[in-house]
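K.L.:
The structure follows.
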Amino acid sequence: MGEEQLAGTALYDRIGNGYSLGRRTDRRWMTAILAALGTAHSIANIGAGTGSYEPDDRPVLALEPSSKMVRQRPHTAHPAVRAVAEALPLRDHAVDAALAVLTVHHWSDWRAGLTELRRIAPRQVVLAYDTHRHTEFWLVRDYIPEIADVELTRPSADDIATELRADSVTALPLPWDFTDGVFPAYWRRPAAYLDPRVRRACSALAQTNPDAVERGIDRLRHDLNTRRWHERHRNLLDLDRWDAGFRLIVSHT
């Protein structure tokens with residue numbers, strides 16, 4: 001691995017503590033991902049992590065750079081190989097579909113990684129998000145604006161769709177009771193962010209200056225105690241789902 005790729009692996013190892021506790025499969029996203037994979041028989045899951053969105057009804061090869069993440073995979077999970085997206089140890093068109101779920105923004109060279117996805121599979125299914133929309137999330141805007149500095153360095157869903165020459169881009173709104181602890185998952189359950197275990201499972205929070213995070217969480221705690229948060233965001237409390245910018249991108253090459 002190159003120096004940048006090793007640095008990326010170190011990042012996964014640092015922020016991966018307790019990841020499997022906060023990041024659990026949500027059946028609604030799973031249904032959408034299965035539909036996007038279609039009839040693909042064999043799948044490579046790139047940046048597989050703990051395997052939250054891997055199909056269990058067909059062969060899957062998980063590729064994950066972080067040993068810490070691999071160790072958190074259930075014993076029933078598909079086999080995993082340590083590898084980075086930018087240099088996949090697979091031959092051309094080795095599988096029917098390449099899957100990448102909320103991982104492209106961590107890659108040291110995301111364009112090179114997407115080129116690898118296109119090389120190993122005729123179908124690419126990528127779940128990404130609109131980084132600008134994440135910066136508009138109330139936790140960022142009102143409490144921890146420093147997160148925007150992290151988010152705006154990452155490739156956005158539109159960038160990824162353009163690079164892949166996507167055939168379709170589908171919005172995946174977050175239900176209020178979403179079970180996967182992605183960064184904006186608790187948009188209607190703000191008290192969840194007071195839990196350090198929740199924060200550790202969100203890379204945007206884990207990569208932001210800890211002092212800035214603590215200051216923001218202190219302000220959030222105060223606003224929850226005084227009900228100020230509820231007054232400012234009462235419009236959210238009536239919503240069943242909210243578009244946080246997550247997009248399911250499908251491309252055929």
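Chains: A, B, ... in order of the structure tokens. Residues: from 1 per chain. Ligands: from 1, in order shown.
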Counting only C-alpha atoms, give me one row per residue of region 69-104 of chain A with an atom at most 6 Å from an atom of region 26-43 of chain A, showing the shortest contact pair and its distance in Å to one decimal, sorted by chain then residue number, as a Markdown table.
P.N.:
| residue | atom | partner | partner_atom | distance |
| --- | --- | --- | --- | --- |
| A:Val95 | CA | A:Ser42 | CA | 5.2 |
| A:Asp96 | CA | A:Ala40 | CA | 5.2 |
| A:Ala97 | CA | A:Ile43 | CA | 4.9 |
| A:Ala98 | CA | A:Ile43 | CA | 5.7 |
K.L.:
For Leu172 (chain A), list every protein, DNA or RNA residue within 8 Å, evaluated using only C-alpha atoms, and leave out those in the same chain fewer than 3 positions away; present the list as a VMD selection string.
P.N.:
chain A and resid 29 243 245 to 248
K.L.:
Write out as a PyMOL selection string all residues of region 31-176 of chain A that backbone DSSP assigns to alpha helix (DSSP H).
P.N.:
chain A and resi 31-37+67-71+110-120+131-135+138+147-151+157-164
K.L.:
Create the file for the chosen residues now, containing N, CA and C atoms and written as a CSV table (one decimal), in the first residue's frame.
P.N.:
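Written output follows (part_33.csv):
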chain,number,residue,atom,x,y,z
A,31,THR,N,-33.4,-3.1,1.4
A,31,THR,CA,-34.4,-3.4,0.3
A,31,THR,C,-34.0,-2.6,-0.9
A,32,ALA,N,-33.6,-1.3,-0.8
A,32,ALA,CA,-33.2,-0.5,-1.9
A,32,ALA,C,-31.9,-1.0,-2.5
A,33,ILE,N,-31.0,-1.4,-1.7
A,33,ILE,CA,-29.7,-1.8,-2.2
A,33,ILE,C,-29.8,-3.2,-2.9
A,34,LEU,N,-30.7,-4.1,-2.4
A,34,LEU,CA,-30.9,-5.3,-3.1
A,34,LEU,C,-31.6,-5.1,-4.5
A,35,ALA,N,-32.5,-4.1,-4.5
A,35,ALA,CA,-33.1,-3.8,-5.8
A,35,ALA,C,-32.1,-3.3,-6.8
A,36,ALA,N,-31.2,-2.5,-6.3
A,36,ALA,CA,-30.1,-1.9,-7.2
A,36,ALA,C,-29.2,-3.0,-7.7
A,37,LEU,N,-28.9,-4.0,-6.9
A,37,LEU,CA,-28.0,-5.1,-7.3
A,37,LEU,C,-28.7,-5.9,-8.3
A,67,SER,N,-8.1,-3.8,9.8
A,67,SER,CA,-8.2,-5.0,10.6
A,67,SER,C,-9.2,-4.9,11.8
A,68,LYS,N,-9.3,-3.7,12.3
A,68,LYS,CA,-10.3,-3.4,13.4
A,68,LYS,C,-11.7,-3.7,12.9
A,69,MET,N,-12.0,-3.2,11.7
A,69,MET,CA,-13.4,-3.4,11.2
A,69,MET,C,-13.6,-4.8,10.9
A,70,VAL,N,-12.6,-5.5,10.3
A,70,VAL,CA,-12.8,-6.9,9.9
A,70,VAL,C,-13.1,-7.7,11.2
A,71,ARG,N,-12.4,-7.4,12.3
A,71,ARG,CA,-12.6,-8.2,13.5
A,71,ARG,C,-14.0,-8.0,14.1
A,110,TRP,N,-10.4,8.9,-4.4
A,110,TRP,CA,-11.8,8.3,-4.7
A,110,TRP,C,-12.0,8.1,-6.2
A,111,ARG,N,-11.4,8.9,-7.1
A,111,ARG,CA,-11.5,8.6,-8.5
A,111,ARG,C,-10.8,7.3,-8.9
A,112,ALA,N,-9.6,7.1,-8.4
A,112,ALA,CA,-8.9,5.8,-8.6
A,112,ALA,C,-9.8,4.6,-8.1
A,113,GLY,N,-10.4,4.8,-7.0
A,113,GLY,CA,-11.2,3.7,-6.4
A,113,GLY,C,-12.4,3.4,-7.3
A,114,LEU,N,-13.1,4.5,-7.8
A,114,LEU,CA,-14.2,4.3,-8.7
A,114,LEU,C,-13.8,3.6,-10.0
A,115,THR,N,-12.6,4.0,-10.5
A,115,THR,CA,-12.1,3.3,-11.7
A,115,THR,C,-11.9,1.8,-11.4
A,116,GLU,N,-11.4,1.5,-10.3
A,116,GLU,CA,-11.3,0.1,-9.9
A,116,GLU,C,-12.6,-0.7,-9.8
A,117,LEU,N,-13.6,0.0,-9.3
A,117,LEU,CA,-15.0,-0.6,-9.3
A,117,LEU,C,-15.4,-0.9,-10.7
A,118,ARG,N,-15.2,0.0,-11.6
A,118,ARG,CA,-15.6,-0.2,-13.0
A,118,ARG,C,-14.8,-1.3,-13.7
A,119,ARG,N,-13.6,-1.5,-13.2
A,119,ARG,CA,-12.7,-2.5,-13.8
A,119,ARG,C,-13.1,-3.9,-13.4
A,120,ILE,N,-13.5,-4.1,-12.1
A,120,ILE,CA,-13.8,-5.4,-11.6
A,120,ILE,C,-15.2,-5.9,-11.9
A,131,THR,N,-22.6,16.2,0.3
A,131,THR,CA,-21.9,16.8,1.4
A,131,THR,C,-22.4,18.2,1.8
A,132,HIS,N,-22.9,18.9,0.8
A,132,HIS,CA,-23.4,20.3,1.1
A,132,HIS,C,-24.6,20.2,2.0
A,133,ARG,N,-25.5,19.2,1.7
A,133,ARG,CA,-26.7,19.0,2.5
A,133,ARG,C,-26.3,18.6,3.9
A,134,HIS,N,-25.3,17.9,4.1
A,134,HIS,CA,-24.9,17.5,5.5
A,134,HIS,C,-24.4,18.7,6.2
A,135,THR,N,-23.8,19.7,5.6
A,135,THR,CA,-23.4,20.9,6.3
A,135,THR,C,-24.6,21.8,6.7
A,138,TRP,N,-28.9,20.5,11.2
A,138,TRP,CA,-28.9,21.4,12.3
A,138,TRP,C,-27.8,21.2,13.3
A,147,ILE,N,-17.6,20.8,11.7
A,147,ILE,CA,-17.8,19.6,10.9
A,147,ILE,C,-17.8,19.9,9.4
A,148,ALA,N,-18.3,21.1,9.0
A,148,ALA,CA,-18.4,21.4,7.6
A,148,ALA,C,-17.0,21.4,7.0
A,149,ASP,N,-16.0,21.8,7.8
A,149,ASP,CA,-14.6,21.7,7.2
A,149,ASP,C,-14.2,20.3,6.8
A,150,VAL,N,-14.7,19.3,7.5
A,150,VAL,CA,-14.4,17.9,7.1
A,150,VAL,C,-15.3,17.5,5.9
A,151,GLU,N,-16.6,17.8,6.0
A,151,GLU,CA,-17.5,17.4,5.0
A,151,GLU,C,-17.1,17.9,3.6
A,157,ALA,N,-22.2,13.2,-3.6
A,157,ALA,CA,-22.9,12.2,-4.4
A,157,ALA,C,-22.9,12.6,-5.8
A,158,ASP,N,-23.1,13.9,-6.1
A,158,ASP,CA,-23.1,14.3,-7.5
A,158,ASP,C,-21.8,14.1,-8.2
A,159,ASP,N,-20.7,14.3,-7.5
A,159,ASP,CA,-19.4,14.1,-8.0
A,159,ASP,C,-19.2,12.6,-8.4
A,160,ILE,N,-19.6,11.8,-7.5
A,160,ILE,CA,-19.5,10.3,-7.7
A,160,ILE,C,-20.3,9.9,-8.9
A,161,ALA,N,-21.6,10.4,-8.9
A,161,ALA,CA,-22.5,10.0,-10.0
A,161,ALA,C,-21.9,10.4,-11.4
A,162,THR,N,-21.3,11.6,-11.4
A,162,THR,CA,-20.7,12.1,-12.7
A,162,THR,C,-19.5,11.3,-13.1
A,163,GLU,N,-18.7,10.9,-12.1
A,163,GLU,CA,-17.5,10.1,-12.4
A,163,GLU,C,-17.9,8.7,-12.9
A,164,LEU,N,-18.9,8.2,-12.4
A,164,LEU,CA,-19.4,6.8,-12.8
A,164,LEU,C,-20.3,6.9,-14.0
K.L.:
Could you pull the residues within 12 Å of region 187-193 of chain A, counting only C-alpha atoms, minus those fewer than 5 positions along the same chain, as a PyMOL selection string?
P.N.:
chain A and resi 22+134+136-140+143-144+173-179+181-182+198-202+205+213-214+216-225+227-230+233-244
K.L.:
Can you spit out the residues from that selection as a short mmCIF file (atom, residue, chain, number, x, y, z; two decimals), in the first residue's frame, using N, CA and C atoms?
P.N.:
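Contents of the output file result-v7.cif:
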data_model
loop_
_atom_site.label_atom_id
_atom_site.label_comp_id
_atom_site.auth_asym_id
_atom_site.auth_seq_id
_atom_site.Cartn_x
_atom_site.Cartn_y
_atom_site.Cartn_z
N GLY A 22 -23.09 0.76 16.89
CA GLY A 22 -23.92 1.88 16.47
C GLY A 22 -24.43 1.80 15.05
N HIS A 134 -25.30 17.85 4.10
CA HIS A 134 -24.87 17.50 5.46
C HIS A 134 -24.43 18.74 6.23
N GLU A 136 -25.72 21.53 6.10
CA GLU A 136 -26.93 22.27 6.48
C GLU A 136 -27.71 21.60 7.60
N PHE A 137 -27.27 20.40 8.00
CA PHE A 137 -27.91 19.68 9.09
C PHE A 137 -27.82 20.51 10.37
N TRP A 138 -28.88 20.53 11.18
CA TRP A 138 -28.93 21.41 12.34
C TRP A 138 -27.77 21.19 13.32
N LEU A 139 -27.28 19.94 13.43
CA LEU A 139 -26.18 19.69 14.36
C LEU A 139 -24.91 20.41 13.91
N VAL A 140 -24.74 20.51 12.60
CA VAL A 140 -23.59 21.23 12.05
C VAL A 140 -23.83 22.73 12.11
N TYR A 143 -24.53 23.91 16.03
CA TYR A 143 -23.76 23.46 17.18
C TYR A 143 -22.28 23.16 16.89
N ILE A 144 -22.00 22.48 15.79
CA ILE A 144 -20.62 22.09 15.51
C ILE A 144 -20.30 22.46 14.06
N PRO A 173 -34.32 8.88 1.70
CA PRO A 173 -34.59 9.68 2.90
C PRO A 173 -34.39 8.85 4.18
N LEU A 174 -34.15 9.54 5.28
CA LEU A 174 -33.98 8.88 6.57
C LEU A 174 -35.30 8.86 7.32
N PRO A 175 -35.88 7.68 7.58
CA PRO A 175 -37.05 7.61 8.46
C PRO A 175 -36.67 8.08 9.86
N TRP A 176 -37.63 8.56 10.61
CA TRP A 176 -37.32 9.11 11.93
C TRP A 176 -36.78 8.04 12.88
N ASP A 177 -37.14 6.76 12.62
CA ASP A 177 -36.70 5.68 13.49
C ASP A 177 -35.61 4.83 12.84
N PHE A 178 -34.81 5.46 12.01
CA PHE A 178 -33.75 4.76 11.29
C PHE A 178 -32.85 4.02 12.27
N THR A 179 -32.48 2.77 11.94
CA THR A 179 -31.73 1.94 12.89
C THR A 179 -30.22 1.98 12.68
N GLY A 181 -26.85 4.02 12.59
CA GLY A 181 -26.43 5.29 13.20
C GLY A 181 -25.54 6.15 12.33
N VAL A 182 -25.94 6.36 11.07
CA VAL A 182 -25.22 7.31 10.23
C VAL A 182 -25.31 8.70 10.84
N VAL A 198 -22.65 6.97 20.30
CA VAL A 198 -23.27 7.39 19.05
C VAL A 198 -22.28 8.25 18.25
N ARG A 199 -21.61 9.15 18.93
CA ARG A 199 -20.67 10.05 18.24
C ARG A 199 -19.49 9.30 17.67
N ARG A 200 -19.02 8.26 18.37
CA ARG A 200 -17.87 7.50 17.87
C ARG A 200 -18.20 6.74 16.59
N ALA A 201 -19.47 6.43 16.37
CA ALA A 201 -19.87 5.69 15.17
C ALA A 201 -20.06 6.58 13.95
N CYS A 202 -19.88 7.90 14.11
CA CYS A 202 -20.04 8.86 13.02
C CYS A 202 -18.68 9.41 12.65
N LEU A 205 -18.04 13.22 13.04
CA LEU A 205 -17.81 13.65 14.41
C LEU A 205 -16.46 13.16 14.93
N VAL A 213 -16.27 19.56 19.19
CA VAL A 213 -17.41 18.66 19.38
C VAL A 213 -17.97 18.81 20.79
N GLU A 214 -17.10 18.83 21.79
CA GLU A 214 -17.56 18.95 23.17
C GLU A 214 -18.29 20.27 23.40
N GLY A 216 -19.94 22.00 21.20
CA GLY A 216 -21.23 21.92 20.53
C GLY A 216 -22.21 21.03 21.28
N ILE A 217 -21.72 19.92 21.79
CA ILE A 217 -22.59 19.01 22.53
C ILE A 217 -23.06 19.65 23.83
N ASP A 218 -22.22 20.44 24.47
CA ASP A 218 -22.64 21.16 25.67
C ASP A 218 -23.77 22.14 25.34
N ARG A 219 -23.65 22.84 24.21
CA ARG A 219 -24.72 23.76 23.80
C ARG A 219 -26.00 23.00 23.49
N LEU A 220 -25.86 21.85 22.83
CA LEU A 220 -27.04 21.04 22.52
C LEU A 220 -27.70 20.55 23.80
N ARG A 221 -26.91 20.11 24.77
CA ARG A 221 -27.47 19.63 26.03
C ARG A 221 -28.27 20.75 26.72
N HIS A 222 -27.71 21.94 26.69
CA HIS A 222 -28.41 23.08 27.30
C HIS A 222 -29.73 23.35 26.57
N ASP A 223 -29.70 23.32 25.24
CA ASP A 223 -30.91 23.62 24.47
C ASP A 223 -31.96 22.54 24.61
N LEU A 224 -31.54 21.31 24.85
CA LEU A 224 -32.52 20.25 25.11
C LEU A 224 -33.13 20.42 26.50
N ASN A 225 -32.32 20.77 27.47
CA ASN A 225 -32.83 20.96 28.84
C ASN A 225 -33.80 22.14 28.93
N ARG A 227 -35.55 23.21 26.37
CA ARG A 227 -36.55 23.01 25.31
C ARG A 227 -36.36 23.99 24.15
N ARG A 228 -35.25 24.68 24.12
CA ARG A 228 -35.01 25.60 23.02
C ARG A 228 -34.89 24.85 21.69
N TRP A 229 -34.22 23.69 21.72
CA TRP A 229 -34.09 22.90 20.48
C TRP A 229 -35.47 22.58 19.92
N HIS A 230 -36.38 22.16 20.78
CA HIS A 230 -37.72 21.75 20.33
C HIS A 230 -38.48 22.94 19.75
N HIS A 233 -36.93 23.67 16.22
CA HIS A 233 -37.04 22.62 15.22
C HIS A 233 -38.37 21.88 15.30
N ARG A 234 -39.41 22.56 15.73
CA ARG A 234 -40.70 21.91 15.89
C ARG A 234 -41.22 21.36 14.57
N ASN A 235 -40.79 21.96 13.44
CA ASN A 235 -41.23 21.46 12.13
C ASN A 235 -40.74 20.05 11.87
N LEU A 236 -39.58 19.69 12.41
CA LEU A 236 -39.05 18.34 12.21
C LEU A 236 -39.85 17.29 12.97
N LEU A 237 -40.43 17.68 14.08
CA LEU A 237 -41.10 16.71 14.94
C LEU A 237 -42.37 16.14 14.32
N ASP A 238 -42.86 16.77 13.28
CA ASP A 238 -44.05 16.27 12.59
C ASP A 238 -43.72 15.44 11.36
N LEU A 239 -42.42 15.30 11.05
CA LEU A 239 -42.02 14.58 9.85
C LEU A 239 -41.74 13.10 10.15
N ASP A 240 -42.16 12.24 9.23
CA ASP A 240 -41.84 10.82 9.35
C ASP A 240 -40.48 10.49 8.74
N ARG A 241 -40.06 11.29 7.77
CA ARG A 241 -38.77 11.08 7.13
C ARG A 241 -38.21 12.40 6.67
N TRP A 242 -36.89 12.42 6.49
CA TRP A 242 -36.21 13.66 6.11
C TRP A 242 -35.09 13.33 5.13
N ASP A 243 -34.95 14.15 4.11
CA ASP A 243 -33.91 13.92 3.10
C ASP A 243 -32.61 14.55 3.58
N ALA A 244 -31.70 13.70 4.03
CA ALA A 244 -30.40 14.16 4.51
C ALA A 244 -29.36 14.15 3.41
#
K.L.:
Which distance in Å separates CA of Arg197 (chain A) and CA of Gly49 (chain A), to one decimal?
P.N.:
17.3 Å
K.L.:
Among region 94-194 of chain A, which ones does DSSP place in strand (DSSP E), written as a list in words?
P.N.:
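Taking region 94-194 of chain A and keeping strand (DSSP E) gives Ala97, Ala98, Leu99, Ala100, Val101, Arg123, Gln124, Val125, Val126, Leu127, Ala128, Tyr129, Ser168, Val169, Thr170, Ala171, Leu174 and Pro175 of chain A.
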K.L.:
Please report the interatomic distance between CA of Pro65 (chain A) and CA of Tyr53 (chain A) in Å with one decimal.
P.N.:
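The value is 17.2 Å.
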K.L.:
Tell me which of A:Asp109, A:Thr253, A:Asp180, A:Ser168 sits closest to Ala121 (chain A), counting only C-alpha atoms.
P.N.:
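Under the stated criterion, the closest residue is A:Thr253.
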K.L.:
Identify which of the residues A:Pro122, A:Thr25, A:Tyr129, A:Arg154 lies closest to His93 (chain A), counting only C-alpha atoms when measuring atom-to-atom distances.
P.N.:
A:Pro122
